[in-house]
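For reference, coords17.pdb is printed below; it contains PDB, C-alpha atoms.
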ATOM      1  CA  MET A 659      -3.845  20.261  15.975
ATOM      2  CA  ASN A 660      -1.480  21.154  13.157
ATOM      3  CA  GLY A 661       1.856  20.285  11.611
ATOM      4  CA  GLU A 662       2.936  16.977  10.164
ATOM      5  CA  LYS A 663       0.293  15.009  12.067
ATOM      6  CA  ASP A 664      -2.587  16.778  10.300
ATOM      7  CA  PHE A 665      -3.989  14.770   7.443
ATOM      8  CA  ALA A 666      -7.204  12.921   6.699
ATOM      9  CA  VAL A 667      -7.625   9.208   7.142
ATOM     10  CA  ARG A 668      -9.268   8.056   3.951
ATOM     11  CA  GLY A 669      -9.897   5.033   1.723
ATOM     12  CA  ARG A 670     -11.500   1.689   2.571
ATOM     13  CA  HIS A 671     -10.145  -1.589   1.214
ATOM     14  CA  ILE A 672      -8.020   0.268  -1.353
ATOM     15  CA  LEU A 673      -5.264  -2.285  -1.473
ATOM     16  CA  THR A 674      -6.868  -5.703  -1.710
ATOM     17  CA  ALA A 675      -5.106  -7.098  -4.780
ATOM     18  CA  VAL A 676      -1.861  -6.854  -6.702
ATOM     19  CA  LEU A 677      -1.936  -3.699  -8.827
ATOM     20  CA  THR A 678      -0.255  -4.515 -12.121
ATOM     21  CA  THR A 679      -1.555  -1.866 -14.463
ATOM     22  CA  PHE A 680       0.012   1.516 -13.819
ATOM     23  CA  VAL A 681       3.254   3.264 -14.714
ATOM     24  CA  VAL A 682       3.900   6.633 -13.062
ATOM     25  CA  VAL A 683       6.545   9.276 -13.483
ATOM     26  CA  PHE A 684       7.814   9.543  -9.943
ATOM     27  CA  THR A 685      10.510   7.368  -8.428
ATOM     28  CA  PHE A 686      10.024   5.879  -5.004
ATOM     29  CA  CYS A 687      12.828   4.086  -3.192
ATOM     30  CA  GLY A 688      13.491   2.692   0.243
ATOM     31  CA  CYS A 689      16.675   3.181   2.214
ATOM     32  CA  ALA A 690      18.701   1.912   5.188
ATOM     33  CA  LYS A 691      16.956  -1.460   5.127
ATOM     34  CA  GLU A 692      19.209  -3.386   7.535
ATOM     35  CA  VAL A 693      19.292  -0.630  10.154
ATOM     36  CA  ALA A 694      15.548  -0.082   9.860
ATOM     37  CA  SER A 695      14.839  -3.788  10.252
ATOM     38  CA  LEU A 696      16.910  -3.981  13.436
ATOM     39  CA  GLN A 697      15.254  -0.878  14.834
ATOM     40  CA  ASN A 698      11.851  -2.341  14.066
ATOM     41  CA  GLU A 699      12.682  -5.480  16.049
ATOM     42  CA  VAL A 700      13.819  -3.443  19.063
ATOM     43  CA  MET A 701      10.891  -1.017  19.020
ATOM     44  CA  SER A 702       8.328  -3.798  18.624
ATOM     45  CA  VAL A 703       8.754  -4.558  22.333
ATOM     46  CA  PHE A 704       7.082  -1.234  23.121
ATOM     47  CA  ASP A 705       4.237  -1.446  20.586
ATOM     48  CA  ASP A 706       0.670  -1.347  21.845
ATOM     49  CA  GLU A 707      -1.810  -4.038  20.799
ATOM     50  CA  TYR A 708      -3.140  -2.045  17.833
ATOM     51  CA  VAL A 709       0.278  -1.353  16.347
ATOM     52  CA  THR A 710       1.165  -5.005  16.808
ATOM     53  CA  GLN A 711      -2.054  -6.048  15.065
ATOM     54  CA  VAL A 712      -1.191  -3.999  11.969
ATOM     55  CA  LYS A 713       2.512  -4.912  11.906
ATOM     56  CA  LYS A 714       1.713  -8.614  12.073
ATOM     57  CA  GLY A 715      -1.132  -8.310   9.586
ATOM     58  CA  HIS A 716      -0.950  -8.457   5.803
ATOM     59  CA  LEU A 717      -2.673  -7.118   2.711
ATOM     60  CA  GLN A 718      -4.485  -9.399   0.296
ATOM     61  CA  MET A 719      -2.144  -8.269  -2.474
ATOM     62  CA  ALA A 720       0.701  -9.914  -0.512
ATOM     63  CA  PRO A 721      -0.827 -12.451   1.898
ATOM     64  CA  ASN A 722       2.533 -13.973   2.883
ATOM     65  CA  ILE A 723       4.288 -10.704   3.754
ATOM     66  CA  ALA A 724       3.824  -9.088   7.182
ATOM     67  CA  ILE A 725       3.220  -5.339   6.896
ATOM     68  CA  GLY A 726       5.638  -4.476   9.702
ATOM     69  CA  GLU A 727       8.450  -6.501   8.132
ATOM     70  CA  ALA A 728       7.886  -5.025   4.666
ATOM     71  CA  PHE A 729       7.837  -1.454   5.981
ATOM     72  CA  ALA A 730      10.941  -2.019   8.126
ATOM     73  CA  ASN A 731      12.852  -3.411   5.149
ATOM     74  CA  PHE A 732      11.828  -0.553   2.869
ATOM     75  CA  PHE A 733      11.893   2.592   5.023
ATOM     76  CA  ALA A 734      14.512   4.233   7.210
ATOM     77  CA  GLU A 735      13.550   5.428  10.695
ATOM     78  CA  PRO A 736      10.215   3.576  10.834
ATOM     79  CA  LYS A 737       7.885   4.783  13.579
ATOM     80  CA  TRP A 738       4.478   3.490  14.634
ATOM     81  CA  GLU A 739       1.832   4.947  16.928
ATOM     82  CA  SER A 740      -1.873   4.532  17.592
ATOM     83  CA  PHE A 741      -4.504   7.000  18.688
ATOM     84  CA  LYS A 742      -8.253   7.212  19.071
ATOM     85  CA  SER A 743      -9.946   9.676  16.737
ATOM     86  CA  THR A 744     -12.530  12.176  17.896
ATOM     87  CA  ASP A 745     -15.207  10.186  16.090
ATOM     88  CA  GLY A 746     -14.287   7.069  18.035
ATOM     89  CA  GLN A 747     -12.140   5.173  15.547
ATOM     90  CA  ARG A 748      -8.839   3.566  16.528
ATOM     91  CA  VAL A 749      -6.125   4.604  14.074
ATOM     92  CA  VAL A 750      -2.571   3.265  13.671
ATOM     93  CA  GLU A 751      -0.157   5.625  11.929
ATOM     94  CA  PHE A 752       3.172   4.728  10.295
ATOM     95  CA  THR A 753       5.931   7.241   9.493
ATOM     96  CA  GLY A 754       9.170   6.442   7.626
ATOM     97  CA  LYS A 755      11.900   8.025   5.510
ATOM     98  CA  CYS A 756      12.270   7.258   1.794
ATOM     99  CA  THR A 757      13.289   8.765  -1.535
ATOM    100  CA  TRP A 758      10.584  10.290  -3.725
ATOM    101  CA  GLN A 759      11.251  12.021  -7.032
ATOM    102  CA  ASP A 760      14.967  11.603  -6.261
ATOM    103  CA  LYS A 761      14.682  13.644  -3.053
ATOM    104  CA  PRO A 762      14.495  12.656   0.652
ATOM    105  CA  ALA A 763      10.896  12.397   1.778
ATOM    106  CA  THR A 764       8.680  11.429   4.685
ATOM    107  CA  TYR A 765       6.032   8.772   4.064
ATOM    108  CA  LYS A 766       2.948   8.429   6.253
ATOM    109  CA  MET A 767       0.177   5.867   6.161
ATOM    110  CA  GLN A 768      -2.801   5.261   8.421
ATOM    111  CA  PHE A 769      -4.717   2.080   9.201
ATOM    112  CA  ILE A 770      -8.211   2.057  10.699
ATOM    113  CA  ILE A 771      -8.806  -0.730  13.238
ATOM    114  CA  LYS A 772     -12.196  -2.417  12.750
ATOM    115  CA  ASP A 773     -11.940  -5.123  15.413
ATOM    116  CA  ASN A 774      -9.250  -7.316  16.971
ATOM    117  CA  THR A 775      -8.830  -9.324  13.767
ATOM    118  CA  SER A 776      -9.204  -6.791  10.955
ATOM    119  CA  PHE A 777      -8.296  -3.286   9.864
ATOM    120  CA  GLU A 778      -8.627  -1.061   6.800
ATOM    121  CA  THR A 779      -6.036   0.999   5.001
ATOM    122  CA  GLY A 780      -6.492   4.752   5.280
ATOM    123  CA  ALA A 781      -4.810   7.940   4.105
ATOM    124  CA  VAL A 782      -1.318   8.008   2.615
ATOM    125  CA  LYS A 783       0.858  11.103   2.445
ATOM    126  CA  ILE A 784       4.327  11.898   1.114
ATOM    127  CA  ASN A 785       5.648  15.189   2.516
ATOM    128  CA  ASP A 786       2.716  17.562   2.018
ATOM    129  CA  THR A 787       0.984  15.580  -0.732
ATOM    130  CA  ASN A 788      -2.019  13.358  -0.034
ATOM    131  CA  LEU A 789      -1.961  10.451  -2.478
ATOM    132  CA  ASN A 790      -4.985   9.084  -4.295
ATOM    133  CA  VAL A 791      -5.987   5.433  -4.483
ATOM    134  CA  LEU A 792      -4.034   4.563  -7.630
ATOM    135  CA  GLU A 793      -0.824   6.282  -6.514
ATOM    136  CA  THR A 794      -1.073   4.526  -3.150
ATOM    137  CA  ALA A 795      -1.525   1.121  -4.787
ATOM    138  CA  VAL A 796       1.519   1.643  -7.025
ATOM    139  CA  ILE A 797       3.653   2.609  -4.025
ATOM    140  CA  MET A 798       2.440  -0.363  -1.986
ATOM    141  CA  ALA A 799       3.349  -2.646  -4.877
ATOM    142  CA  LYS A 800       6.900  -1.287  -4.677
ATOM    143  CA  ILE A 801       7.074  -1.676  -0.902
ATOM    144  CA  LEU A 802       5.833  -5.260  -1.094
ATOM    145  CA  GLY A 803       8.076  -6.115  -4.041
ATOM    146  CA  LYS A 804       5.292  -6.377  -6.634
ATOM    147  CA  ASP A 805       5.662  -5.502 -10.320
ATOM    148  CA  ALA A 806       3.337  -2.569 -11.028
ATOM    149  CA  ALA A 807       4.275  -2.093 -14.679
ATOM    150  CA  THR A 808       2.881  -5.138 -16.500
ATOM    151  CA  ASP A 809      -0.024  -7.527 -16.310
ATOM    152  CA  THR A 810       1.529 -10.617 -14.742
ATOM    153  CA  ASP A 811      -1.488 -12.813 -15.466
ATOM    154  CA  SER A 812      -1.578 -12.270 -19.208
ATOM    155  CA  GLY A 813       2.086 -11.392 -19.719
ATOM    156  CA  LYS A 814       0.988  -8.434 -21.842
ATOM    157  CA  ALA A 815       1.950  -4.827 -21.348
ATOM    158  CA  VAL A 816      -1.005  -2.714 -20.262
ATOM    159  CA  PRO A 817      -1.564   0.849 -21.494
ATOM    160  CA  ALA A 818      -0.358   3.380 -18.926
ATOM    161  CA  PRO A 819      -2.506   6.253 -17.710
ATOM    162  CA  GLU A 820      -1.677   9.873 -18.432
ATOM    163  CA  GLN A 821       1.864  10.510 -17.290
ATOM    164  CA  THR A 822       1.052  12.868 -14.427
ATOM    165  CA  VAL A 823       0.776  12.478 -10.701
ATOM    166  CA  THR A 824      -1.839  14.612  -8.970
ATOM    167  CA  ALA A 825      -3.079  14.547  -5.393
ATOM    168  CA  THR A 826      -6.821  14.441  -4.775
ATOM    169  CA  ASN A 827      -8.926  14.808  -1.645
ATOM    170  CA  SER A 828      -6.123  16.866  -0.151
ATOM    171  CA  ALA A 829      -8.148  18.812   2.397
ATOM    172  CA  ASN A 830      -6.452  18.477   5.786
ATOM    173  CA  THR A 831      -8.300  17.659   8.998
ATOM    174  CA  ASP A 832      -7.247  17.304  12.579
ATOM    175  CA  LYS A 833      -5.098  14.252  13.267
ATOM    176  CA  ASN A 834      -7.745  12.870  15.590
ATOM    177  CA  THR A 835     -10.509  12.983  12.999
ATOM    178  CA  ALA A 836     -10.668   9.788  10.922
ATOM    179  CA  VAL A 837     -12.679   9.941   7.727
ATOM    180  CA  SER A 838     -13.331   6.625   5.973
ATOM    181  CA  ARG A 839     -14.021   6.641   2.238
ATOM    182  CA  PRO A 840     -14.902   3.834  -0.191
ATOM    183  CA  PRO A 841     -12.373   2.857  -2.851
ATOM    184  CA  SER A 842     -12.422   4.724  -6.144
ATOM    185  CA  ASN A 843     -13.247   1.984  -8.655
ATOM    186  CA  ALA A 844     -15.053   4.196 -11.152
ATOM    187  CA  MET A 845     -12.295   3.684 -13.721
ATOM    188  CA  MET A 846     -11.589   1.023 -16.318
ATOM    189  CA  GLY A 847      -8.532   1.233 -18.510
ATOM    190  CA  ASN A 848      -7.859   4.964 -18.369
ATOM    191  CA  VAL A 849     -11.476   6.077 -18.747
ATOM    192  CA  LYS A 850     -13.403   7.155 -15.677
ATOM    193  CA  LEU A 851     -17.091   7.761 -15.063
ATOM    194  CA  GLY A 852     -17.694  11.485 -15.302
ATOM    195  CA  ASP A 853     -14.988  12.089 -17.914
ATOM    196  CA  SER A 854     -15.977  14.206 -20.885
ATOM    197  CA  LEU A 855     -16.250  12.748 -24.367
ATOM    198  CA  ALA A 856     -13.111  14.664 -25.331
ATOM    199  CA  GLU A 857     -11.177  13.276 -22.354
ATOM    200  CA  ALA A 858     -12.223   9.720 -23.167
ATOM    201  CA  GLU A 859     -11.223  10.038 -26.806
ATOM    202  CA  LYS A 860      -7.771  11.303 -25.812
ATOM    203  CA  VAL A 861      -7.291   7.815 -24.369
ATOM    204  CA  LEU A 862      -9.341   5.676 -26.753
ATOM    205  CA  GLY A 863      -8.926   7.449 -30.071
ATOM    206  CA  GLU A 864     -11.666   7.576 -32.688
ATOM    207  CA  PRO A 865     -14.701   5.294 -32.286
ATOM    208  CA  THR A 866     -15.388   2.611 -34.867
ATOM    209  CA  LYS A 867     -19.139   2.982 -34.438
ATOM    210  CA  LYS A 868     -21.465   5.713 -33.153
ATOM    211  CA  THR A 869     -25.067   5.235 -32.060
ATOM    212  CA  GLU A 870     -27.503   7.735 -30.579
ATOM    213  CA  LYS A 871     -30.010   5.872 -28.397
ATOM    214  CA  GLU A 872     -32.044   9.011 -27.770
ATOM    215  CA  THR A 873     -31.396  12.734 -27.653
ATOM    216  CA  GLY A 874     -28.079  13.347 -25.914
ATOM    217  CA  LYS A 875     -27.513   9.678 -25.063
ATOM    218  CA  LEU A 876     -24.714   8.204 -27.155
ATOM    219  CA  ARG A 877     -23.135   4.763 -27.400
ATOM    220  CA  TYR A 878     -19.683   4.715 -29.002
ATOM    221  CA  VAL A 879     -17.711   1.580 -29.810
ATOM    222  CA  TYR A 880     -13.912   1.839 -29.582
ATOM    223  CA  PRO A 881     -11.294  -0.849 -30.300
ATOM    224  CA  LEU A 882     -10.800  -1.537 -26.575
ATOM    225  CA  MET A 883     -14.208  -0.803 -25.032
ATOM    226  CA  ASP A 884     -17.735   0.495 -25.455
ATOM    227  CA  VAL A 885     -18.591   3.826 -23.832
ATOM    228  CA  ALA A 886     -21.980   5.339 -23.021
ATOM    229  CA  TYR A 887     -22.247   9.130 -22.947
ATOM    230  CA  ASP A 888     -25.060  11.212 -21.502
ATOM    231  CA  TYR A 889     -24.840  14.716 -22.966
ATOM    232  CA  GLY A 890     -21.090  14.433 -23.400
ATOM    233  CA  GLU A 891     -20.286  12.804 -20.033
ATOM    234  CA  VAL A 892     -19.108   9.207 -19.605
ATOM    235  CA  THR A 893     -21.888   7.366 -17.776
ATOM    236  CA  GLY A 894     -20.869   3.776 -18.504
ATOM    237  CA  THR A 895     -18.098   1.617 -19.942
ATOM    238  CA  ALA A 896     -17.871  -2.064 -20.905
ATOM    239  CA  ALA A 897     -14.965  -4.180 -22.141
ATOM    240  CA  ASP A 898     -14.200  -7.797 -22.995
ATOM    241  CA  ASP A 899     -10.592  -7.131 -24.070
ATOM    242  CA  ALA A 900      -7.903  -8.507 -21.720
ATOM    243  CA  ARG A 901      -5.835  -5.363 -22.224
ATOM    244  CA  VAL A 902      -8.429  -3.325 -20.331
ATOM    245  CA  THR A 903      -7.800  -3.503 -16.602
ATOM    246  CA  THR A 904      -9.432  -2.118 -13.462
ATOM    247  CA  PRO A 905      -7.380  -0.184 -10.876
ATOM    248  CA  MET A 906      -7.173  -3.417  -8.866
ATOM    249  CA  GLY A 907      -5.588  -5.315 -11.753
ATOM    250  CA  ILE A 908      -8.633  -7.319 -12.849
ATOM    251  CA  HIS A 909      -9.272  -7.768 -16.581
ATOM    252  CA  PRO A 910     -11.348  -9.983 -18.874
ATOM    253  CA  GLY A 911      -9.774 -13.410 -18.502
ATOM    254  CA  SER A 912      -9.019 -13.014 -14.778
ATOM    255  CA  SER A 913     -10.427 -15.719 -12.521
ATOM    256  CA  LEU A 914     -13.387 -15.346 -10.194
ATOM    257  CA  GLN A 915     -10.997 -15.876  -7.285
ATOM    258  CA  ASP A 916      -8.937 -12.916  -8.529
ATOM    259  CA  VAL A 917     -12.089 -10.793  -8.426
ATOM    260  CA  LEU A 918     -12.987 -11.914  -4.905
ATOM    261  CA  ASN A 919      -9.450 -11.349  -3.667
ATOM    262  CA  ALA A 920      -9.488  -7.835  -5.088
ATOM    263  CA  TYR A 921     -13.013  -6.682  -4.266
ATOM    264  CA  GLY A 922     -14.226  -8.934  -1.470
ATOM    265  CA  THR A 923     -17.535 -10.719  -0.978
ATOM    266  CA  ASP A 924     -19.884  -7.762  -0.553
ATOM    267  CA  TYR A 925     -21.442  -8.262  -3.985
ATOM    268  CA  LEU A 926     -24.848  -8.821  -5.565
ATOM    269  CA  LEU A 927     -25.040 -12.067  -7.563
ATOM    270  CA  SER A 928     -27.387 -12.832 -10.434
ATOM    271  CA  ALA A 929     -27.313 -14.992 -13.550
ATOM    272  CA  TYR A 930     -27.727 -14.063 -17.204
ATOM    273  CA  GLY A 931     -27.611 -16.999 -19.599
ATOM    274  CA  ASP A 932     -24.284 -18.767 -19.057
ATOM    275  CA  LEU A 933     -22.846 -15.823 -17.082
ATOM    276  CA  ASP A 934     -22.832 -15.130 -13.347
ATOM    277  CA  LEU A 935     -22.926 -11.389 -12.683
ATOM    278  CA  TYR A 936     -20.954 -10.203  -9.646
ATOM    279  CA  GLU A 937     -21.893  -6.580  -8.966
ATOM    280  CA  TYR A 938     -20.335  -4.145  -6.484
ATOM    281  CA  LYS A 939     -21.977  -0.880  -5.450
ATOM    282  CA  TYR A 940     -19.868   2.241  -4.892
ATOM    283  CA  ARG A 941     -20.108   6.034  -4.977
ATOM    284  CA  ASP A 942     -17.741   8.323  -6.817
ATOM    285  CA  GLU A 943     -16.022  11.423  -5.422
ATOM    286  CA  ARG A 944     -19.195  13.442  -5.992
ATOM    287  CA  GLY A 945     -21.361  10.926  -4.185
ATOM    288  CA  ARG A 946     -22.990   9.536  -7.327
ATOM    289  CA  PRO A 947     -23.798   5.787  -7.059
ATOM    290  CA  TYR A 948     -22.374   3.426  -9.635
ATOM    291  CA  LEU A 949     -22.201  -0.306 -10.244
ATOM    292  CA  LEU A 950     -19.059  -2.288 -11.057
ATOM    293  CA  ARG A 951     -19.954  -5.591 -12.749
ATOM    294  CA  PHE A 952     -17.839  -8.671 -13.445
ATOM    295  CA  ALA A 953     -19.564 -11.118 -15.788
ATOM    296  CA  VAL A 954     -18.057 -14.548 -15.097
ATOM    297  CA  LYS A 955     -18.443 -17.576 -17.384
ATOM    298  CA  GLN A 956     -20.142 -20.401 -15.513
ATOM    299  CA  ASN A 957     -18.227 -23.130 -17.331
ATOM    300  CA  ASN A 958     -14.695 -21.937 -16.524
ATOM    301  CA  GLY A 959     -14.941 -19.261 -13.804
ATOM    302  CA  ALA A 960     -13.198 -16.617 -15.944
ATOM    303  CA  VAL A 961     -14.256 -12.985 -16.328
ATOM    304  CA  ASN A 962     -16.012 -12.586 -19.685
ATOM    305  CA  TYR A 963     -16.513  -8.827 -19.555
ATOM    306  CA  ILE A 964     -16.357  -5.914 -17.103
ATOM    307  CA  SER A 965     -18.710  -2.942 -17.009
ATOM    308  CA  ILE A 966     -19.137   0.192 -14.906
ATOM    309  CA  ARG A 967     -22.178   2.450 -15.000
ATOM    310  CA  TYR A 968     -23.921   5.118 -13.013
ATOM    311  CA  THR A 969     -27.141   3.911 -11.420
ATOM    312  CA  ASP A 970     -28.922   7.220 -10.827
TER
END
Step by step, read the file and then write its structure as structure tokens.
Amino acid sequence: MNGEKDFAVRGRHILTAVLTTFVVVFTFCGCAKEVASLQNEVMSVFDDEYVTQVKKGHLQMAPNIAIGEAFANFFAEPKWESFKSTDGQRVVEFTGKCTWQDKPATYKMQFIIKDNTSFETGAVKINDTNLNVLETAVIMAKILGKDAATDTDSGKAVPAPEQTVTATNSANTDKNTAVSRPPSNAMMGNVKLGDSLAEAEKVLGEPTKKTEKETGKLRYVYPLMDVAYDYGEVTGTAADDARVTTPMGIHPGSSLQDVLNAYGTDYLLSAYGDLDLYEYKYRDERGRPYLLRFAVKQNNGAVNYISIRYTD
């Protein structure tokens, strides 16, 4: 198949918490809310069970807001359909009209049905651009009425990432081929595993301390975080500063419940002194395994520090 229907379903659990850390350069606005809401009510009579499941469901970042209602209030001409992919997955696809970068645009989002009580978010596309995880989370915050510019827990402004918007994983596939991918959580602050030393220092500035553990393996201390380099590549980061935030909005000082709401319960748990270590295993875009750790104080249930590191 080809045309507007052709784009990859991607991303698992990418929107499980309020994203409060990113400022981007594009504008994204809804339109025709009252008309769209009425149309949504009328068309809901003809929805199949899978569309109904998604429309009545909610995301953990907004547990009291039904997805169907939020989309109907934000987009003009909302349309829903479901289909079965060639690899056997049931997919629900939403299409709606909006304004993006001050121009009319078509927004598409897919949801992958897991069973009759749960589903996962999938690919998101605006016109011909497939959006990455962070861009999708910012847009969903707007749709659901969340503030994506500041850290609402600490009340402090959070450093913004580089002021560009780029699409990743943009290879198109047939509409009926659903491809699930894990969330991209290999970033903390604006530093990502795999970045070069030069890229990291564009964000962090000059280190206050440099240590060479062994040939080619460096440990630099910056004002906001510590960074491990392996022959000039970022292989690990650690931070205990509340200004450093993960893509899901978690920072040192967040509660354990915030962590669980954002990342779920598929973690490894161990103890180190007075800290409980909640560790999540992921793979980056190149398939390299890494570990995201939240060290939580046992006496108050607050995140003491966050670290990310490659495990191979």
>> One decimal, in Å: what's the spacing between CA of Gly803 in chain A and CA of Thr787 in chain A?
In response: 23.1 Å
>> Can you translate the PyMOL selection byres ((chain A and resi 711) around 12) into the concrete residues it hits in this file, as an NGL selection string?
In response: :A and (702 or 705-710 or 712-716 or 724-726 or 738-740 or 748-750 or 769-778)
> Got a sec to resolve the PyMOL selection byres ((chain A and resi 879-893) around 9) on this structure and send the residues as a ChimeraX atom specification?
Replying inline: /A:847,849-856,858,862-869,873-878,894-902,966-969
> the PyMOL selection byres ((chain A and resi 944-954) around 7) on the file shown: which residues, as a ChimeraX atom specification?
Replying inline: /A:914,933-943,955-956,959-970
>> Just the number, please: distance in Å from CA of Asn785 in chain A to CA of Trp758 in chain A, one decimal.
In response: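 Interatomic distance here is 9.3 Å.
We find CA of Ala720 in chain A and CA of Glu735 in chain A to be spaced 22.9 Å apart.
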Could the centre and edge lengths of an axis-aligned box, enclosing all atoms of range 927-933 of chain A in the file with 8 Å extra on each side, be given in Å to one decimal as JSON?
{"center_x": -25.3, "center_y": -15.4, "center_z": -13.6, "size_x": 20.9, "size_y": 22.7, "size_z": 28.0}
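Residue nearest Pro905 in chain A within the list A:Ala795, A:Ile723, A:Ala781, A:Ala734: A:Ala795 [criterion: smallest interatomic distance, only C-alpha atoms].
Of the residues under consideration (A:Leu717, A:Asn731, A:Asn957, A:Cys756), A:Asn957 shows the shortest atom-to-atom contact distance to Asp932 in chain A when counting all atoms listed in the file.
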